[in-house]
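S.K.: My file is start02.cif. It has mmCIF, C-alpha atoms:
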```
data_model
#
loop_
_atom_site.label_atom_id
_atom_site.label_comp_id
_atom_site.auth_asym_id
_atom_site.auth_seq_id
_atom_site.Cartn_x
_atom_site.Cartn_y
_atom_site.Cartn_z
CA PRO A 1 7.54 20.37 27.40
CA VAL A 2 4.34 18.50 28.21
CA ILE A 3 3.08 18.78 24.63
CA GLU A 4 6.47 17.70 23.28
CA THR A 5 6.45 14.69 25.62
CA ILE A 6 2.99 13.65 24.49
CA GLU A 7 3.93 13.91 20.81
CA ARG A 8 7.25 12.08 21.38
CA LEU A 9 5.67 9.21 23.31
CA TYR A 10 3.00 8.79 20.66
CA SER A 11 5.18 9.14 17.56
CA ASN A 12 8.40 7.45 18.74
CA TYR A 13 6.97 4.64 20.83
CA GLY A 14 3.34 4.30 19.80
CA ALA A 15 2.29 4.79 23.41
CA SER A 16 -1.42 4.52 24.25
CA LEU A 17 -3.32 7.39 25.87
CA HIS A 18 -3.28 5.45 29.14
CA LYS A 19 0.53 5.07 29.08
CA ILE A 20 1.01 8.72 28.14
CA LYS A 21 -1.22 9.78 31.03
CA TYR A 22 0.79 7.60 33.44
CA ASP A 23 4.13 8.99 32.17
CA LEU A 24 2.96 12.59 32.58
CA ILE A 25 1.95 11.93 36.19
CA GLU A 26 5.14 10.01 36.98
CA ASN A 27 7.71 12.27 35.31
CA HIS A 28 6.05 15.70 35.01
CA LYS A 29 3.58 15.71 37.90
CA VAL A 30 0.87 16.68 35.41
CA ASN A 31 -2.49 14.93 35.45
CA LEU A 32 -4.37 15.34 32.17
CA SER A 33 -7.52 13.51 31.15
CA HIS A 34 -7.46 11.08 28.25
CA GLN A 35 -9.53 13.57 26.23
CA GLU A 36 -7.06 16.39 26.89
CA ILE A 37 -4.20 14.18 25.69
CA GLN A 38 -6.25 13.22 22.64
CA ASN A 39 -6.93 16.90 21.88
CA ILE A 40 -3.21 17.75 22.06
CA LEU A 41 -2.42 14.95 19.62
CA LEU A 42 -5.12 16.02 17.19
CA LEU A 43 -3.99 19.67 17.31
CA SER A 44 -0.42 18.76 16.45
CA ASP A 45 0.92 20.82 13.53
CA TYR A 46 3.46 18.24 12.33
CA GLU A 47 3.88 18.31 8.57
CA PHE A 48 6.19 16.42 6.25
CA ASN A 49 9.26 18.54 5.59
CA ASN A 50 10.38 17.13 2.28
CA LYS A 51 9.87 20.09 -0.04
CA ASN A 52 13.62 20.39 -0.59
CA TRP A 53 14.17 16.69 -1.20
CA SER A 54 15.16 15.36 -4.59
CA LEU A 55 12.93 12.31 -4.73
CA SER A 56 14.00 9.16 -6.55
CA GLY A 57 10.97 8.98 -8.85
CA TYR A 58 10.19 5.42 -7.74
CA TYR A 59 7.02 5.27 -5.65
CA LEU A 60 4.55 3.01 -3.88
CA PHE A 61 0.92 4.13 -3.71
CA ASP A 62 -2.03 2.74 -1.79
CA SER A 63 -5.08 3.83 0.17
CA LEU A 64 -6.29 2.68 3.58
CA TRP A 65 -9.93 2.42 4.56
CA ILE A 66 -10.71 4.42 7.70
CA LYS A 67 -14.11 4.69 9.35
CA ILE A 68 -15.01 8.27 10.33
CA ASN A 69 -18.29 8.74 12.17
CA GLY A 70 -19.50 5.40 10.86
CA GLU A 71 -18.62 6.12 7.20
CA TRP A 72 -15.69 4.53 5.38
CA ASN A 73 -13.18 6.97 3.92
CA TYR A 74 -9.67 6.65 2.49
CA LEU A 75 -6.20 7.65 3.58
CA TYR A 76 -4.02 8.09 0.47
CA ALA A 77 -0.31 7.45 0.96
CA LEU A 78 2.65 7.84 -1.38
CA MET A 79 6.05 6.41 -0.46
CA ASP A 80 9.42 6.98 -2.09
CA SER A 81 10.60 3.38 -2.38
CA LYS A 82 14.31 4.24 -2.57
CA TYR A 83 14.33 6.48 0.50
CA ASN A 84 11.77 4.35 2.36
CA THR A 85 9.89 7.53 3.24
CA ILE A 86 6.24 8.53 3.12
CA ILE A 87 6.20 11.74 1.10
CA ASN A 88 2.51 12.57 1.41
CA LEU A 89 -0.67 11.54 3.20
CA LYS A 90 -4.19 12.79 2.56
CA MET A 91 -7.69 11.86 3.64
CA ALA A 92 -10.33 11.52 0.90
CA SER A 93 -13.99 10.55 0.82
CA SER A 94 -13.61 8.28 -2.23
CA GLU A 95 -11.18 6.51 -4.54
CA LYS A 96 -12.32 8.32 -7.67
CA GLU A 97 -9.80 8.64 -10.49
CA LYS A 98 -9.86 12.45 -10.40
CA GLU A 99 -8.97 12.59 -6.69
CA ILE A 100 -6.20 10.01 -7.10
CA TYR A 101 -4.75 11.89 -10.07
CA THR A 102 -4.74 15.19 -8.14
CA PHE A 103 -3.07 13.58 -5.13
CA LEU A 104 -0.32 11.93 -7.20
CA ARG A 105 0.25 15.05 -9.31
CA GLU A 106 0.54 17.38 -6.31
CA SER A 107 2.68 14.92 -4.33
CA THR A 108 5.24 14.65 -7.14
CA ARG A 109 5.15 18.24 -8.41
CA ASN A 110 8.61 19.30 -9.66
CA GLN A 111 9.90 15.81 -8.92
CA SER A 112 10.99 12.88 -11.06
CA ARG A 113 8.11 10.58 -12.09
CA LYS A 114 9.45 7.20 -13.14
CA SER A 115 7.21 4.47 -11.72
CA VAL A 116 4.47 3.66 -9.23
CA THR A 117 3.80 0.24 -7.72
CA THR A 118 0.19 -0.36 -6.64
CA ASP A 119 -2.28 -3.15 -6.06
CA LEU A 120 -4.63 -4.18 -8.88
CA LYS A 121 -7.40 -1.58 -8.39
CA GLU A 122 -8.69 -0.25 -11.70
CA GLU A 123 -9.13 3.25 -10.24
CA TYR A 124 -5.35 3.65 -10.05
CA ARG A 125 -4.58 2.88 -13.68
CA LYS A 126 -5.76 5.94 -15.64
CA PRO A 127 -4.31 8.54 -13.23
CA ILE A 128 -0.88 6.87 -13.40
CA ASP A 129 -1.05 6.60 -17.19
CA LYS A 130 -2.08 10.26 -17.40
CA LEU A 131 1.03 11.23 -15.42
CA MET A 132 3.10 9.15 -17.89
CA MET A 133 4.61 6.98 -15.17
CA GLU A 134 5.44 3.30 -15.44
CA HIS A 135 2.86 1.23 -13.55
CA GLN A 136 3.95 -1.95 -11.77
CA PHE A 137 1.19 -4.23 -10.47
CA CYS A 138 1.96 -5.61 -7.02
CA GLN A 139 2.88 -9.28 -7.47
CA PHE A 140 1.82 -10.11 -3.91
CA HIS A 141 -1.71 -8.78 -4.53
CA LEU A 142 -1.77 -10.66 -7.82
CA GLN A 143 -0.98 -13.87 -5.95
CA GLN A 144 -3.78 -13.12 -3.50
CA LYS A 145 -6.27 -12.65 -6.34
CA ILE A 146 -5.20 -15.92 -7.97
CA ASN A 147 -5.59 -17.79 -4.68
CA ARG A 148 -9.09 -16.34 -4.18
CA ASP A 149 -10.11 -17.39 -7.69
CA LEU A 150 -8.85 -20.94 -7.16
CA LYS A 151 -10.51 -21.30 -3.77
CA THR A 152 -13.82 -20.15 -5.28
CA PHE A 153 -13.47 -22.72 -8.07
CA ILE A 154 -12.68 -25.51 -5.58
CA LYS A 155 -15.68 -24.63 -3.44
CA GLU A 156 -18.13 -24.28 -6.34
CA ASN A 157 -17.02 -27.55 -7.98
CA ASN A 158 -16.48 -29.58 -4.81
CA LEU A 159 -13.06 -30.86 -5.92
CA ASN A 160 -11.56 -33.87 -4.19
CA GLU A 161 -8.06 -33.89 -2.71
CA ASN A 162 -6.36 -35.25 -5.83
CA GLU A 163 -8.04 -32.64 -8.03
CA ILE A 164 -7.06 -29.87 -5.63
CA ASN A 165 -3.43 -31.02 -5.66
CA LYS A 166 -3.43 -31.09 -9.45
CA LEU A 167 -4.95 -27.60 -9.59
CA TYR A 168 -2.25 -26.17 -7.33
CA GLN A 169 0.46 -27.93 -9.30
CA GLN A 170 -0.84 -26.11 -12.37
CA LYS A 171 -0.82 -22.88 -10.42
CA LYS A 172 2.97 -23.21 -10.20
CA ARG A 173 3.09 -22.54 -13.93
CA ILE A 174 1.41 -19.19 -13.31
CA ASN A 175 3.93 -18.50 -10.54
CA SER A 176 6.73 -19.13 -12.99
CA ILE A 177 5.27 -16.36 -15.18
CA ILE A 178 5.10 -13.92 -12.28
CA TYR A 179 8.64 -14.61 -11.10
CA ALA A 180 10.33 -15.09 -14.48
CA GLN A 181 13.62 -13.19 -14.75
CA THR A 182 12.68 -11.57 -18.07
CA ILE A 183 9.43 -10.58 -19.73
CA LYS A 184 10.48 -12.69 -22.73
CA ASN A 185 10.59 -15.84 -20.59
CA ALA A 186 7.29 -14.89 -18.93
CA ARG A 187 5.60 -14.49 -22.31
CA LYS A 188 6.99 -17.83 -23.49
CA ILE A 189 5.51 -19.68 -20.50
CA LEU A 190 2.18 -17.87 -20.93
CA GLU A 191 1.98 -18.82 -24.60
CA ASP A 192 2.78 -22.43 -23.79
CA ILE A 193 -0.15 -22.58 -21.33
CA LEU A 194 -2.58 -20.95 -23.75
CA ASN A 195 -1.48 -23.25 -26.58
CA ASN A 196 -2.29 -26.28 -24.43
CA LYS A 197 -5.58 -25.23 -22.84
CA LYS A 198 -6.97 -28.75 -22.74
CA ASN A 199 -4.28 -29.75 -20.22
CA TYR A 200 -5.30 -27.13 -17.64
CA TYR A 201 -8.25 -26.48 -15.38
CA LYS A 202 -10.64 -23.73 -16.43
CA PRO A 203 -9.64 -21.13 -13.79
CA ILE A 204 -5.95 -21.45 -14.76
CA ILE A 205 -6.81 -20.54 -18.35
CA GLU A 206 -9.15 -17.73 -17.27
CA ILE A 207 -6.47 -16.24 -15.02
CA CYS A 208 -3.98 -16.36 -17.89
CA GLU A 209 -6.39 -14.84 -20.41
CA LYS A 210 -8.09 -12.20 -18.25
CA THR A 211 -5.53 -11.28 -15.60
CA ILE A 212 -2.05 -12.14 -16.87
CA GLN A 213 -2.08 -11.68 -20.65
CA PRO A 214 -3.66 -8.18 -20.86
CA TYR A 215 -1.39 -6.79 -18.13
CA LEU A 216 1.82 -8.79 -18.56
CA LYS A 217 3.90 -5.62 -19.06
CA ASN A 218 2.53 -4.12 -15.83
CA ILE A 219 3.25 -7.33 -13.93
CA LYS A 220 6.83 -7.49 -15.23
CA LYS A 221 7.90 -3.81 -15.24
CA ASN A 222 10.49 -4.65 -12.60
CA CYS A 223 12.29 -6.81 -15.19
CA GLU A 224 12.91 -3.70 -17.29
CA ASP A 225 14.14 -1.62 -14.34
CA SER A 226 15.45 -3.28 -11.17
CA LYS A 227 14.73 -0.12 -9.13
CA ILE A 228 10.98 -0.68 -9.56
CA GLU A 229 9.47 -2.38 -6.52
CA ARG A 230 7.63 -5.57 -7.47
CA THR A 231 5.26 -5.32 -4.47
CA SER A 232 3.67 -2.57 -2.38
CA SER A 233 4.11 -4.61 0.82
CA ARG A 234 6.35 -2.06 2.54
CA LEU A 235 3.62 0.55 2.33
CA GLU A 236 0.98 -1.89 3.58
CA ASN A 237 3.20 -2.79 6.53
CA MET A 238 3.52 0.90 7.33
CA PHE A 239 -0.28 1.23 7.30
CA LEU A 240 -0.43 -1.44 10.01
CA LYS A 241 1.87 0.66 12.18
CA ILE A 242 0.25 4.05 11.69
CA MET A 243 -3.38 2.96 11.77
CA PRO A 244 -4.07 -0.44 13.40
CA LYS A 245 -7.60 -1.85 13.14
CA HIS A 246 -8.72 -0.75 16.61
CA ILE A 247 -7.77 2.85 15.74
CA LYS A 248 -8.92 3.16 12.14
CA ARG A 249 -12.51 2.28 13.09
CA LYS A 250 -12.84 5.05 15.70
CA MET A 251 -11.84 8.27 13.96
CA LYS A 252 -14.25 11.21 14.13
CA THR A 253 -12.79 13.75 11.69
CA PHE A 254 -10.62 13.85 8.56
CA LYS A 255 -8.21 16.16 10.41
CA GLY A 256 -7.90 13.77 13.32
CA ALA A 257 -7.21 10.73 11.16
CA GLU A 258 -4.65 12.59 9.05
CA THR A 259 -2.88 14.10 12.06
CA ARG A 260 -2.60 10.83 13.97
CA ALA A 261 -1.15 9.12 10.90
CA LYS A 262 1.42 11.90 10.37
CA LEU A 263 2.39 11.97 14.03
CA THR A 264 3.00 8.23 14.06
CA LEU A 265 5.32 8.65 11.08
CA ALA A 266 7.12 11.75 12.37
CA PHE A 267 10.09 10.14 14.09
CA TRP A 268 10.61 7.54 11.35
CA ASP A 269 10.35 10.23 8.65
CA LEU A 270 12.92 12.46 10.34
CA LYS A 271 15.42 9.60 10.57
CA ASN A 272 15.20 9.09 6.82
CA MET A 273 15.43 12.82 6.14
CA LYS A 274 18.81 13.00 7.92
CA SER A 275 20.18 10.35 5.59
CA TYR A 276 18.73 11.48 2.28
CA ILE A 277 18.05 15.21 2.20
CA HIS A 278 20.23 17.10 -0.28
#
```
Let me see whether you can do it: turn the structure in this file into structure tokens.
M.R.:
Amino acid sequence: PVIETIERLYSNYGASLHKIKYDLIENHKVNLSHQEIQNILLLSDYEFNNKNWSLSGYYLFDSLWIKINGEWNYLYALMDSKYNTIINLKMASSEKEKEIYTFLRESTRNQSRKSVTTDLKEEYRKPIDKLMMEHQFCQFHLQQKINRDLKTFIKENNLNENEINKLYQQKKRINSIIYAQTIKNARKILEDILNNKKNYYKPIIEICEKTIQPYLKNIKKNCEDSKIERTSSRLENMFLKIMPKHIKRKMKTFKGAETRAKLTLAFWDLKNMKSYIH
């Protein structure tokens, strides 16, 4: 009962070690040290129980940086976007294409593979192509990249207020590509910009030529299939819950990081399983 209480308080309520210790004393008359509570959490044998699920085939994939003994490592996570459920987590020492491919292949073995939504990292592209899945680029991350490029241009060229306003007005044309209802309309706007280069600032043209044009199909996959998520924001928000900054910088082992992440997701995962398992 004490172990179950510790796991429940941590997974259901995100309770700190201090609060768990207080609850054990108050309700169970058991006084454990913070380290003993930590050890119980890290020895938890919770595993995802989704082997019998029929997954939707629509996924979100991302990796979270976690510092273990002073070295940055990665927590891979794959979410079924229809069922709003993390279907696999795994710690890895790098974001190499081979490791990503193996993780995605094993996570979706004997399951439908329709699409994956990710951020813009190049390391994700070949593994997803190799698995013959549609690849949607996260439109939120794309917006972030565009904003970074424009801010760099403003800083390097010391633009005045009027020039900055004009630059961001031109950026709206790029937004209209990203949020166009059809890929045909998106391509039409893109061609119009590139046919009138002299009317636009340099970074607007560079973004169109280097970021938008080569990957327009990946940016607009959601126009072809409405079930494809246009952003990976839901997965990123889940990362914030399972591994906040003050935690992800203090891990000591791969096992510990993986277990704490799975425990935090346990209650949420079980709720989804009741609704969708078949």
S.K.: Under the rule that all atoms listed in the file are counted, which of A:Lys67, A:Lys184, A:Lys202, A:Arg109 is the nearest residue to A:Lys171?
M.R.: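 Answer, going by the shortest atom-to-atom distance: A:Lys202.
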S.K.: Enclose all atoms of stretch 83-91 of chain A listed in the file in an axis-aligned box, grow every side by 3 Å, and hand back centre and edge lengths in Å to one decimal, as AutoDock Vina command-line options.
M.R.:
```
--center_x 3.3 --center_y 8.6 --center_z 2.1 --size_x 28.0 --size_y 14.4 --size_z 9.1
```
S.K.: Measuring atom to atom with all atoms listed in the file, identify which of A:Glu163, A:Asn147, A:Thr118, A:Ser233 is nearest to A:Asn218.
M.R.: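 Checking each candidate against A:Asn218, we get A:Thr118 as the closest.
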S.K.: Please identify all polymer residues within 10 Å of A:Ala77, counting only C-alpha atoms, omitting same-chain residues fewer than 3 positions from it, and present them as an NGL selection string.
M.R.: :A and (60-64 or 74 or 86-91 or 103-104 or 107 or 235-236 or 238-239)
S.K.: Take the PyMOL selection byres ((chain A and resi 33-38) around 9), apply it to the structure above, and return the hits as an MDAnalysis selection string.
M.R.: chainID A and resid 3 6 17:18 20:21 31:32 39:43
S.K.: One decimal, in Å: what's the spacing between atom CA of A:Glu123 and atom CA of A:Ile219?
M.R.: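 Those two atoms sit 16.7 Å apart.
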S.K.: Could you list, as a list in words, every residue matched by the PyMOL selection byres ((chain A and resi 212) around 10) in this structure?
M.R.: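 Going through the file, the PyMOL selection byres ((chain A and resi 212) around 10) ends up selecting Leu142, Ile174, Ile177, Ile178, Ala186, Arg187, Leu190, Ile205, Glu206, Ile207, Cys208, Glu209, Lys210, Thr211, Gln213, Pro214, Tyr215, Leu216, Lys217, Asn218 and Ile219 of chain A.
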S.K.: Using the chain letters and numbers from the file, give me the residues hit by the PyMOL selection byres ((chain A and resi 59) around 10), as number ranges by chain.
M.R.: A: 55-58, 60-61, 78-87, 108, 113-118, 133, 135-136, 228-229, 232, 235
S.K.: One decimal, Å: what's the distance from atom CA of A:Cys138 over to atom CA of A:Ser94, could you say?
M.R.: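 Distance between the two atoms: 21.4 Å.
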S.K.: Enter the distance from atom CA of A:Thr152 to atom CA of A:Ile164, in Å, rounded to one decimal.
M.R.: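 That distance, rounded to one decimal, is 11.8 Å.
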S.K.: Find, counting only C-alpha atoms, the residue in A:Ala92, A:Leu150, A:Met132, A:Leu9 that gets nearest to A:Gln169.
M.R.: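 So, comparing all the options, the nearest one is A:Leu150.
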S.K.: When you look at A:Ile189 with a cut-off of 8 Å (counting all atoms listed in the file), what residues show up, excluding the ones that are within fewer than 3 positions of it in the same chain? I need them as a list in words.
M.R.: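 Returned residues: Arg173, Ser176, Ile177, Asn185, Ala186, Asp192 and Ile193 of chain A.
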S.K.: Return the single residue from A:Ile204, A:Ile146, A:Ile100, A:Leu75 that is closest to A:Tyr124, with distances computed using all atoms listed in the file.
M.R.: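 Among the listed residues, A:Ile100 lies closest to A:Tyr124.
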S.K.: Identify which of the residues A:Arg230, A:Lys121, A:Lys126, A:Lys198 lies closest to A:Tyr101, counting only C-alpha atoms when measuring atom-to-atom distances.
M.R.: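 Smallest separation from A:Tyr101 among the options: A:Lys126.
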S.K.: Which one is closest to A:His28: A:Gln139, A:Thr5, A:Thr102, A:Ser93? Count all atoms listed in the file.
M.R.: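 Answer, going by the shortest atom-to-atom distance: A:Thr5.
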